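S.K.: Coordinates in data_31.cif, mmCIF, C-alpha atoms; chains and numbers go by the auth columns, are listed below.
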data_entry
#
loop_
_atom_site.group_PDB
_atom_site.id
_atom_site.type_symbol
_atom_site.label_atom_id
_atom_site.label_comp_id
_atom_site.label_asym_id
_atom_site.label_seq_id
_atom_site.Cartn_x
_atom_site.Cartn_y
_atom_site.Cartn_z
_atom_site.B_iso_or_equiv
_atom_site.auth_seq_id
_atom_site.auth_asym_id
ATOM 1 C CA MET A 1 4.170 -29.992 -11.853 0.00 18 A
ATOM 2 C CA ASN A 2 0.889 -30.635 -10.163 0.00 19 A
ATOM 3 C CA PHE A 3 0.773 -28.843 -6.857 0.00 20 A
ATOM 4 C CA ILE A 4 -1.814 -30.009 -4.355 0.00 21 A
ATOM 5 C CA ILE A 5 -2.581 -26.863 -2.427 0.00 22 A
ATOM 6 C CA PRO A 6 -5.664 -26.264 -0.291 0.00 23 A
ATOM 7 C CA PRO A 7 -7.789 -23.125 -0.750 0.00 24 A
ATOM 8 C CA GLN A 8 -6.552 -19.879 0.802 0.00 25 A
ATOM 9 C CA ALA A 9 -9.170 -19.998 3.568 0.00 26 A
ATOM 10 C CA VAL A 10 -7.472 -23.103 5.013 0.00 27 A
ATOM 11 C CA PHE A 11 -4.313 -21.038 5.572 0.00 28 A
ATOM 12 C CA PHE A 12 -5.973 -17.902 6.942 0.00 29 A
ATOM 13 C CA TYR A 13 -9.194 -18.734 8.762 0.00 30 A
ATOM 14 C CA LYS A 14 -9.504 -21.311 11.509 0.00 31 A
ATOM 15 C CA GLY A 15 -12.628 -21.851 13.607 0.00 32 A
ATOM 16 C CA LYS A 16 -15.003 -18.894 13.445 0.00 33 A
ATOM 17 C CA ARG A 17 -12.443 -16.517 11.923 0.00 34 A
ATOM 18 C CA THR A 18 -13.638 -14.913 8.676 0.00 35 A
ATOM 19 C CA PRO A 19 -12.303 -12.456 6.083 0.00 36 A
ATOM 20 C CA GLU A 20 -14.911 -9.946 7.292 0.00 37 A
ATOM 21 C CA MET A 21 -13.563 -10.201 10.833 0.00 38 A
ATOM 22 C CA ASP A 22 -10.005 -9.484 9.675 0.00 39 A
ATOM 23 C CA ALA A 23 -11.213 -6.544 7.589 0.00 40 A
ATOM 24 C CA MET A 24 -13.086 -5.105 10.596 0.00 41 A
ATOM 25 C CA LEU A 25 -10.087 -5.670 12.875 0.00 42 A
ATOM 26 C CA LEU A 26 -7.734 -3.859 10.474 0.00 43 A
ATOM 27 C CA SER A 27 -10.186 -1.033 9.745 0.00 44 A
ATOM 28 C CA THR A 28 -10.707 -0.473 13.468 0.00 45 A
ATOM 29 C CA LEU A 29 -6.954 -0.478 14.145 0.00 46 A
ATOM 30 C CA ILE A 30 -6.386 2.034 11.336 0.00 47 A
ATOM 31 C CA THR A 31 -9.109 4.292 12.715 0.00 48 A
ATOM 32 C CA LEU A 32 -7.854 4.062 16.295 0.00 49 A
ATOM 33 C CA ARG A 33 -4.271 4.743 15.234 0.00 50 A
ATOM 34 C CA ARG A 34 -5.104 8.213 13.886 0.00 51 A
ATOM 35 C CA GLY A 35 -3.352 10.795 15.998 0.00 52 A
ATOM 36 C CA ARG A 36 -1.482 8.125 17.944 0.00 53 A
ATOM 37 C CA GLU A 37 1.748 6.334 17.234 0.00 54 A
ATOM 38 C CA TRP A 38 2.795 2.843 18.163 0.00 55 A
ATOM 39 C CA GLU A 39 4.897 0.167 16.573 0.00 56 A
ATOM 40 C CA ASP A 40 2.858 -2.231 14.441 0.00 57 A
ATOM 41 C CA GLY A 41 3.304 -5.300 16.605 0.00 58 A
ATOM 42 C CA ASN A 42 2.918 -3.472 19.925 0.00 59 A
ATOM 43 C CA VAL A 43 -0.669 -2.283 19.917 0.00 60 A
ATOM 44 C CA PRO A 44 -1.504 -0.611 23.261 0.00 61 A
ATOM 45 C CA GLU A 45 -3.747 -2.567 25.630 0.00 62 A
ATOM 46 C CA ASP A 46 -6.552 0.039 25.545 0.00 63 A
ATOM 47 C CA VAL A 47 -6.645 -0.166 21.741 0.00 64 A
ATOM 48 C CA LEU A 48 -6.775 -3.972 21.885 0.00 65 A
ATOM 49 C CA ARG A 49 -9.759 -3.713 24.268 0.00 66 A
ATOM 50 C CA ASN A 50 -11.529 -1.296 21.918 0.00 67 A
ATOM 51 C CA VAL A 51 -10.930 -3.567 18.918 0.00 68 A
ATOM 52 C CA ARG A 52 -12.151 -6.581 20.894 0.00 69 A
ATOM 53 C CA ASP A 53 -15.351 -4.737 21.845 0.00 70 A
ATOM 54 C CA VAL A 54 -15.989 -3.705 18.247 0.00 71 A
ATOM 55 C CA ILE A 55 -15.491 -7.228 16.862 0.00 72 A
ATOM 56 C CA MET A 56 -17.149 -9.383 19.529 0.00 73 A
ATOM 57 C CA HIS A 57 -20.768 -8.310 19.035 0.00 74 A
ATOM 58 C CA PRO A 58 -21.182 -8.603 15.238 0.00 75 A
ATOM 59 C CA PHE A 59 -19.361 -11.920 15.060 0.00 76 A
ATOM 60 C CA GLY A 60 -20.641 -13.461 18.280 0.00 77 A
ATOM 61 C CA MET A 61 -17.207 -14.446 19.520 0.00 78 A
ATOM 62 C CA ASP A 62 -15.774 -14.223 22.995 0.00 79 A
ATOM 63 C CA LEU A 63 -12.307 -12.765 22.402 0.00 80 A
ATOM 64 C CA THR A 64 -9.533 -11.660 24.716 0.00 81 A
ATOM 65 C CA THR A 65 -7.013 -8.923 24.077 0.00 82 A
ATOM 66 C CA ASP A 66 -4.428 -11.713 23.682 0.00 83 A
ATOM 67 C CA ASP A 67 -6.568 -13.160 20.849 0.00 84 A
ATOM 68 C CA ILE A 68 -6.561 -9.766 19.128 0.00 85 A
ATOM 69 C CA ALA A 69 -2.809 -9.246 19.679 0.00 86 A
ATOM 70 C CA GLY A 70 -2.108 -12.732 18.283 0.00 87 A
ATOM 71 C CA ARG A 71 -4.226 -12.035 15.225 0.00 88 A
ATOM 72 C CA VAL A 72 -2.409 -8.731 14.642 0.00 89 A
ATOM 73 C CA LYS A 73 0.905 -10.643 14.642 0.00 90 A
ATOM 74 C CA LEU A 74 -0.477 -13.173 12.134 0.00 91 A
ATOM 75 C CA LEU A 75 -1.765 -10.367 9.906 0.00 92 A
ATOM 76 C CA LYS A 76 1.656 -8.712 9.997 0.00 93 A
ATOM 77 C CA ALA A 77 3.245 -12.031 9.024 0.00 94 A
ATOM 78 C CA ARG A 78 0.813 -12.278 6.085 0.00 95 A
ATOM 79 C CA TYR A 79 1.731 -8.756 4.984 0.00 96 A
ATOM 80 C CA ILE A 80 5.461 -9.486 5.120 0.00 97 A
ATOM 81 C CA SER A 81 5.039 -12.853 3.386 0.00 98 A
ATOM 82 C CA PHE A 82 2.988 -11.383 0.531 0.00 99 A
ATOM 83 C CA LYS A 83 5.394 -8.490 -0.003 0.00 100 A
ATOM 84 C CA LYS A 84 8.311 -10.933 -0.108 0.00 101 A
ATOM 85 C CA LEU A 85 6.412 -13.137 -2.574 0.00 102 A
ATOM 86 C CA VAL A 86 5.636 -10.374 -5.075 0.00 103 A
ATOM 87 C CA LYS A 87 9.248 -9.115 -4.954 0.00 104 A
ATOM 88 C CA THR A 88 10.521 -12.545 -6.017 0.00 105 A
ATOM 89 C CA ASN A 89 12.039 -12.699 -9.499 0.00 106 A
ATOM 90 C CA GLY A 90 9.644 -14.360 -11.922 0.00 107 A
ATOM 91 C CA VAL A 91 6.522 -13.439 -9.948 0.00 108 A
ATOM 92 C CA GLN A 92 3.869 -11.114 -11.309 0.00 109 A
ATOM 93 C CA TRP A 93 1.018 -9.742 -9.225 0.00 110 A
ATOM 94 C CA ASN A 94 -2.117 -8.722 -11.070 0.00 111 A
ATOM 95 C CA PRO A 95 -4.160 -6.734 -8.519 0.00 112 A
ATOM 96 C CA GLN A 96 -6.980 -6.189 -11.005 0.00 113 A
ATOM 97 C CA HIS A 97 -7.578 -9.931 -11.351 0.00 114 A
ATOM 98 C CA ARG A 98 -6.415 -10.567 -7.768 0.00 115 A
ATOM 99 C CA ILE A 99 -3.925 -13.258 -8.750 0.00 116 A
ATOM 100 C CA VAL A 100 -0.220 -13.960 -8.446 0.00 117 A
ATOM 101 C CA VAL A 101 1.350 -15.539 -11.517 0.00 118 A
ATOM 102 C CA ALA A 102 4.594 -17.523 -11.617 0.00 119 A
ATOM 103 C CA SER A 103 6.009 -20.510 -13.431 0.00 120 A
ATOM 104 C CA ASP A 104 5.961 -23.915 -11.743 0.00 121 A
ATOM 105 C CA SER A 105 9.702 -23.750 -11.124 0.00 122 A
ATOM 106 C CA THR A 106 9.332 -20.326 -9.484 0.00 123 A
ATOM 107 C CA TRP A 107 6.483 -21.579 -7.279 0.00 124 A
ATOM 108 C CA ASN A 108 8.636 -24.581 -6.333 0.00 125 A
ATOM 109 C CA PHE A 109 11.473 -22.220 -5.308 0.00 126 A
ATOM 110 C CA ILE A 110 9.015 -20.077 -3.328 0.00 127 A
ATOM 111 C CA PHE A 111 7.512 -23.061 -1.481 0.00 128 A
ATOM 112 C CA LYS A 112 10.972 -24.289 -0.457 0.00 129 A
ATOM 113 C CA ARG A 113 11.816 -20.811 0.867 0.00 130 A
ATOM 114 C CA ASP A 114 8.438 -20.181 2.586 0.00 131 A
ATOM 115 C CA ALA A 115 5.742 -22.855 2.688 0.00 132 A
ATOM 116 C CA SER A 116 3.150 -20.349 3.928 0.00 133 A
ATOM 117 C CA ALA A 117 3.366 -18.537 0.563 0.00 134 A
ATOM 118 C CA ALA A 118 1.243 -21.372 -0.836 0.00 135 A
ATOM 119 C CA ALA A 119 -1.715 -19.374 0.513 0.00 136 A
ATOM 120 C CA TYR A 120 -1.294 -17.091 -2.512 0.00 137 A
ATOM 121 C CA PHE A 121 -1.194 -19.819 -5.168 0.00 138 A
ATOM 122 C CA TYR A 122 -4.833 -19.306 -6.240 0.00 139 A
ATOM 123 C CA ARG A 123 -5.324 -15.645 -5.416 0.00 140 A
ATOM 124 C CA ASP A 124 -3.574 -12.601 -3.971 0.00 141 A
ATOM 125 C CA GLU A 125 -3.712 -11.169 -0.444 0.00 142 A
ATOM 126 C CA PRO A 126 -7.403 -10.303 0.105 0.00 143 A
ATOM 127 C CA ASP A 127 -6.681 -7.576 2.665 0.00 144 A
ATOM 128 C CA PHE A 128 -3.551 -6.100 1.082 0.00 145 A
ATOM 129 C CA SER A 129 -4.753 -2.486 1.006 0.00 146 A
ATOM 130 C CA LEU A 130 -5.765 -2.633 4.693 0.00 147 A
ATOM 131 C CA LEU A 131 -2.574 -4.458 5.662 0.00 148 A
ATOM 132 C CA ALA A 132 -0.470 -1.904 3.775 0.00 149 A
ATOM 133 C CA SER A 133 -2.387 0.975 5.392 0.00 150 A
ATOM 134 C CA PHE A 134 -1.659 -0.383 8.852 0.00 151 A
ATOM 135 C CA PHE A 135 1.692 -2.181 8.602 0.00 152 A
ATOM 136 C CA GLY A 136 3.176 -0.325 5.635 0.00 153 A
ATOM 137 C CA GLN A 137 3.175 2.998 7.414 0.00 154 A
ATOM 138 C CA PHE A 138 6.819 2.573 8.378 0.00 155 A
ATOM 139 C CA ASP A 139 8.008 0.867 5.200 0.00 156 A
ATOM 140 C CA VAL A 140 10.935 2.675 3.695 0.00 157 A
ATOM 141 C CA LYS A 141 11.431 2.405 -0.019 0.00 158 A
ATOM 142 C CA VAL A 142 15.007 3.068 -1.091 0.00 159 A
ATOM 143 C CA GLU A 143 15.606 3.564 -4.777 0.00 160 A
ATOM 144 C CA PHE A 144 18.898 4.186 -6.471 0.00 161 A
ATOM 145 C CA PRO A 145 18.762 5.983 -9.788 0.00 162 A
ATOM 146 C CA GLN A 146 19.817 3.910 -12.744 0.00 163 A
ATOM 147 C CA GLU A 147 20.768 6.919 -14.817 0.00 164 A
ATOM 148 C CA VAL A 148 21.354 10.592 -14.190 0.00 165 A
ATOM 149 C CA ILE A 149 19.551 12.855 -16.614 0.00 166 A
ATOM 150 C CA ALA A 150 20.750 16.439 -16.923 0.00 167 A
ATOM 151 C CA ILE A 151 17.892 18.784 -17.716 0.00 168 A
ATOM 152 C CA SER A 152 18.726 22.275 -18.852 0.00 169 A
ATOM 153 C CA ASP A 153 16.612 24.953 -20.381 0.00 170 A
ATOM 154 C CA ASN A 154 18.308 28.012 -21.732 0.00 171 A
ATOM 155 C CA SER A 155 15.107 29.780 -22.662 0.00 172 A
ATOM 156 C CA ALA A 156 14.299 32.682 -20.408 0.00 173 A
ATOM 157 C CA GLU A 157 10.571 32.983 -21.016 0.00 174 A
ATOM 158 C CA VAL A 158 7.850 30.861 -19.447 0.00 175 A
ATOM 159 C CA ILE A 159 5.229 30.136 -22.091 0.00 176 A
ATOM 160 C CA VAL A 160 1.626 30.388 -20.942 0.00 177 A
ATOM 161 C CA LEU A 161 -1.121 28.720 -22.941 0.00 178 A
ATOM 162 C CA SER A 162 -4.628 30.111 -22.979 0.00 179 A
ATOM 163 C CA ASP A 163 -7.531 27.844 -22.143 0.00 180 A
ATOM 164 C CA SER A 164 -9.819 29.809 -24.491 0.00 181 A
ATOM 165 C CA ASP A 165 -11.267 28.299 -27.675 0.00 182 A
ATOM 166 C CA VAL A 166 -11.241 31.750 -29.342 0.00 183 A
ATOM 167 C CA PRO A 167 -8.147 32.365 -31.463 0.00 184 A
ATOM 168 C CA ASP A 168 -6.071 35.347 -30.317 0.00 185 A
ATOM 169 C CA ALA A 169 -8.236 35.736 -27.198 0.00 186 A
ATOM 170 C CA PRO A 170 -6.780 38.094 -24.628 0.00 187 A
ATOM 171 C CA ASN A 171 -4.674 36.216 -22.112 0.00 188 A
ATOM 172 C CA ARG A 172 -5.169 37.141 -18.462 0.00 189 A
ATOM 173 C CA VAL A 173 -1.879 35.579 -17.454 0.00 190 A
ATOM 174 C CA GLN A 174 1.346 37.491 -18.034 0.00 191 A
ATOM 175 C CA PRO A 175 4.548 35.554 -18.724 0.00 192 A
ATOM 176 C CA ILE A 176 7.285 36.036 -16.181 0.00 193 A
ATOM 177 C CA TYR A 177 10.911 35.869 -17.102 0.00 194 A
ATOM 178 C CA SER A 178 12.879 33.510 -14.927 0.00 195 A
ATOM 179 C CA PRO A 179 16.630 33.181 -14.947 0.00 196 A
ATOM 180 C CA SER A 180 17.960 29.919 -16.271 0.00 197 A
ATOM 181 C CA ASP A 181 20.225 27.982 -13.974 0.00 198 A
ATOM 182 C CA SER A 182 22.012 25.094 -15.615 0.00 199 A
ATOM 183 C CA ASP A 183 23.236 23.740 -12.272 0.00 200 A
ATOM 184 C CA GLU A 184 19.928 22.915 -10.642 0.00 201 A
ATOM 185 C CA VAL A 185 16.399 21.836 -11.407 0.00 202 A
ATOM 186 C CA THR A 186 13.838 22.112 -8.641 0.00 203 A
ATOM 187 C CA SER A 187 10.561 20.270 -8.884 0.00 204 A
ATOM 188 C CA PRO A 188 7.932 21.162 -7.892 0.00 205 A
ATOM 189 C CA MET A 189 8.548 24.873 -8.046 0.00 206 A
ATOM 190 C CA PRO A 190 8.292 26.487 -4.616 0.00 207 A
ATOM 191 C CA ALA A 191 6.026 29.252 -5.940 0.00 208 A
ATOM 192 C CA PRO A 192 3.911 29.704 -9.064 0.00 209 A
ATOM 193 C CA SER A 193 5.704 31.257 -12.013 0.00 210 A
ATOM 194 C CA TRP A 194 2.693 33.294 -13.199 0.00 211 A
ATOM 195 C CA ARG A 195 0.492 36.017 -11.883 0.00 212 A
ATOM 196 C CA HIS A 196 -2.980 37.168 -12.813 0.00 213 A
ATOM 197 C CA LEU A 197 -3.444 40.564 -14.353 0.00 214 A
ATOM 198 C CA PRO A 198 -6.296 42.717 -13.072 0.00 215 A
ATOM 199 C CA LYS A 199 -9.454 42.368 -15.135 0.00 216 A
#
Would it be possible to restate this file's structure as structure tokens?
M.R.:
Amino acid sequence: MNFIIPPQAVFFYKGKRTPEMDAMLLSTLITLRRGREWEDGNVPEDVLRNVRDVIMHPFGMDLTTDDIAGRVKLLKARYISFKKLVKTNGVQWNPQHRIVVASDSTWNFIFKRDASAAAYFYRDEPDFSLLASFFGQFDVKVEFPQEVIAISDNSAEVIVLSDSDVPDAPNRVQPIYSPSDSDEVTSPMPAPSWRHLPK
């Protein structure tokens, strides 16, 4: 299939909007959020004013807090859309090369489900790390184990390796005997299982 899809900028940046402006908006929001909590889409009015003041001067735009709030909603929609895209069966995201790869039939399925995903046909989400830092804060990842692995160790001695290049060098760490418990494995250990000997 030959898809006729405009460049990503057509989807994301209208008028004087630029990638640099979005990056500054997100970076400022992330900085201002430290020590404060609010839901992603409900940025407090005072924060919107601060973001507006930071962005207006370098980009020479006259923005309102409503403009900033609207852009935050669009950025959240981009974040959700990109996450949904890369979770689609048959889609591979290569962050190193900044591309999303899929067969024509997979792209066709994606475009029928969400036409705005066409923005990622030529390249990935340019601000994904910033979007994930801001909007992904409340993402919950639920994983169900595919297989249960029982780990047991009946040995009672913890083996300590020396970091010395000298064979048979004195070891300043004394092994500690720990009881084996075949019912439970705790990782990481709540306390170190070694202790230093006096020099």
S.K.: Exactly which residues make up the result of the PyMOL selection byres ((chain A and resi 133) around 10) on this file, given as a PDB file with C-alpha atoms, in the coordinates of the input?
M.R.:
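Full text of part27.pdb as output:
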ATOM      1  CA  PHE A  28      -4.313 -21.038   5.572  1.00  0.00           C
ATOM      2  CA  PHE A  29      -5.973 -17.902   6.942  1.00  0.00           C
ATOM      3  CA  ALA A  94       3.245 -12.031   9.024  1.00  0.00           C
ATOM      4  CA  ARG A  95       0.813 -12.278   6.085  1.00  0.00           C
ATOM      5  CA  SER A  98       5.039 -12.853   3.386  1.00  0.00           C
ATOM      6  CA  PHE A  99       2.988 -11.383   0.531  1.00  0.00           C
ATOM      7  CA  ILE A 127       9.015 -20.077  -3.328  1.00  0.00           C
ATOM      8  CA  PHE A 128       7.512 -23.061  -1.481  1.00  0.00           C
ATOM      9  CA  LYS A 129      10.972 -24.289  -0.457  1.00  0.00           C
ATOM     10  CA  ARG A 130      11.816 -20.811   0.867  1.00  0.00           C
ATOM     11  CA  ASP A 131       8.438 -20.181   2.586  1.00  0.00           C
ATOM     12  CA  ALA A 132       5.742 -22.855   2.688  1.00  0.00           C
ATOM     13  CA  ALA A 134       3.366 -18.537   0.563  1.00  0.00           C
ATOM     14  CA  ALA A 135       1.243 -21.372  -0.836  1.00  0.00           C
ATOM     15  CA  ALA A 136      -1.715 -19.374   0.513  1.00  0.00           C
ATOM     16  CA  TYR A 137      -1.294 -17.091  -2.512  1.00  0.00           C
TER      17      TYR A 137
END
S.K.: Take the PyMOL selection byres ((chain A and resi 59-65) around 10), apply it to the structure above, and return the hits as number ranges by chain.
M.R.: A: 42, 45-46, 49-50, 54-58, 66-71, 81-86, 89-90
S.K.: Once you have the residues from the selection above, write them out as a compact mmCIF listing (two decimals), keeping the file's coordinate frame, restricted to C-alpha atoms.
M.R.:
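As a result, out_8.txt now contains:
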# COMPACT_ATOMS: atom_id res chain seq x y z
CA LEU A 42 -10.09 -5.67 12.88
CA THR A 45 -10.71 -0.47 13.47
CA LEU A 46 -6.95 -0.48 14.14
CA LEU A 49 -7.85 4.06 16.30
CA ARG A 50 -4.27 4.74 15.23
CA GLU A 54 1.75 6.33 17.23
CA TRP A 55 2.80 2.84 18.16
CA GLU A 56 4.90 0.17 16.57
CA ASP A 57 2.86 -2.23 14.44
CA GLY A 58 3.30 -5.30 16.60
CA ARG A 66 -9.76 -3.71 24.27
CA ASN A 67 -11.53 -1.30 21.92
CA VAL A 68 -10.93 -3.57 18.92
CA ARG A 69 -12.15 -6.58 20.89
CA ASP A 70 -15.35 -4.74 21.84
CA VAL A 71 -15.99 -3.70 18.25
CA THR A 81 -9.53 -11.66 24.72
CA THR A 82 -7.01 -8.92 24.08
CA ASP A 83 -4.43 -11.71 23.68
CA ASP A 84 -6.57 -13.16 20.85
CA ILE A 85 -6.56 -9.77 19.13
CA ALA A 86 -2.81 -9.25 19.68
CA VAL A 89 -2.41 -8.73 14.64
CA LYS A 90 0.90 -10.64 14.64
S.K.: So how many Å separate atom CA of A:Ile22 and atom CA of A:Arg88, to one decimal?
M.R.: 23.1 Å
S.K.: Work out how far apart atom CA of A:Glu142 and atom CA of A:Gly32 are and give it in Å to one decimal.
M.R.: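 So the two atoms, atom CA of A:Glu142 and atom CA of A:Gly32, lie 19.8 Å apart.
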S.K.: Mind pulling up the distance from atom CA of A:Trp110 to atom CA of A:Pro143?
M.R.: 12.6 Å
S.K.: Please identify all polymer residues within 12 Å of A:Pro112, counting only C-alpha atoms, omitting same-chain residues fewer than 6 positions from it, and present them as a ChimeraX atom specification.
M.R.: /A:103,118,140-146
S.K.: Evaluate the PyMOL selection byres ((chain A and resi 148) around 9) and record the selected residues as an mmCIF file with C-alpha atoms, in the frame of the given file, following the chain and residue labels used in the document.
M.R.:
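See selection.cif below for the written result:
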data_model
loop_
_atom_site.group_PDB
_atom_site.id
_atom_site.type_symbol
_atom_site.label_atom_id
_atom_site.label_comp_id
_atom_site.auth_asym_id
_atom_site.auth_seq_id
_atom_site.Cartn_x
_atom_site.Cartn_y
_atom_site.Cartn_z
ATOM 1 C CA LEU A 43 -7.734 -3.859 10.474
ATOM 2 C CA LEU A 92 -1.765 -10.367 9.906
ATOM 3 C CA LYS A 93 1.656 -8.712 9.997
ATOM 4 C CA ARG A 95 0.813 -12.278 6.085
ATOM 5 C CA TYR A 96 1.731 -8.756 4.984
ATOM 6 C CA ASP A 144 -6.681 -7.576 2.665
ATOM 7 C CA PHE A 145 -3.551 -6.100 1.082
ATOM 8 C CA SER A 146 -4.753 -2.486 1.006
ATOM 9 C CA LEU A 147 -5.765 -2.633 4.693
ATOM 10 C CA ALA A 149 -0.470 -1.904 3.775
ATOM 11 C CA SER A 150 -2.387 0.975 5.392
ATOM 12 C CA PHE A 151 -1.659 -0.383 8.852
ATOM 13 C CA PHE A 152 1.692 -2.181 8.602
ATOM 14 C CA GLY A 153 3.176 -0.325 5.635
#
S.K.: Identify which of the residues A:Met41, A:Val108, A:Ile47, A:Leu91 lies closest to A:Met73, counting only C-alpha atoms when measuring atom-to-atom distances.
M.R.: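 Of all the options, A:Met41 lies closest to A:Met73.
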S.K.: Which is closest to A:Trp124 among A:Pro24, A:Ala40, A:Asn19, A:His74, if we use all atoms listed in the file?
M.R.: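 Ranking A:Pro24, A:Ala40, A:Asn19, A:His74 by distance to A:Trp124, first place goes to A:Asn19.
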S.K.: Can you tell me, as AutoDock Vina command-line options, the centre and edge lengths (Å, one decimal) of the axis-aligned box enclosing all of stretch 123-127 of chain A's listed atoms after padding each side by 5 Å?
M.R.:
--center_x 9.0 --center_y -22.3 --center_z -6.4 --size_x 15.0 --size_y 14.5 --size_z 16.2
S.K.: Counting all atoms listed in the file, which of A:Phe138, A:Ile21, A:Ala119, A:Met38 gets nearest to A:Pro75?
M.R.: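 For A:Pro75, the nearest of the given residues is A:Met38.
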S.K.: Using all atoms listed in the file, which residue out of A:Gly87, A:Pro23, A:Tyr30, A:Phe126 lies closest to A:Thr105?
M.R.: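 Of the candidates, the smallest distance to A:Thr105 is held by A:Phe126.
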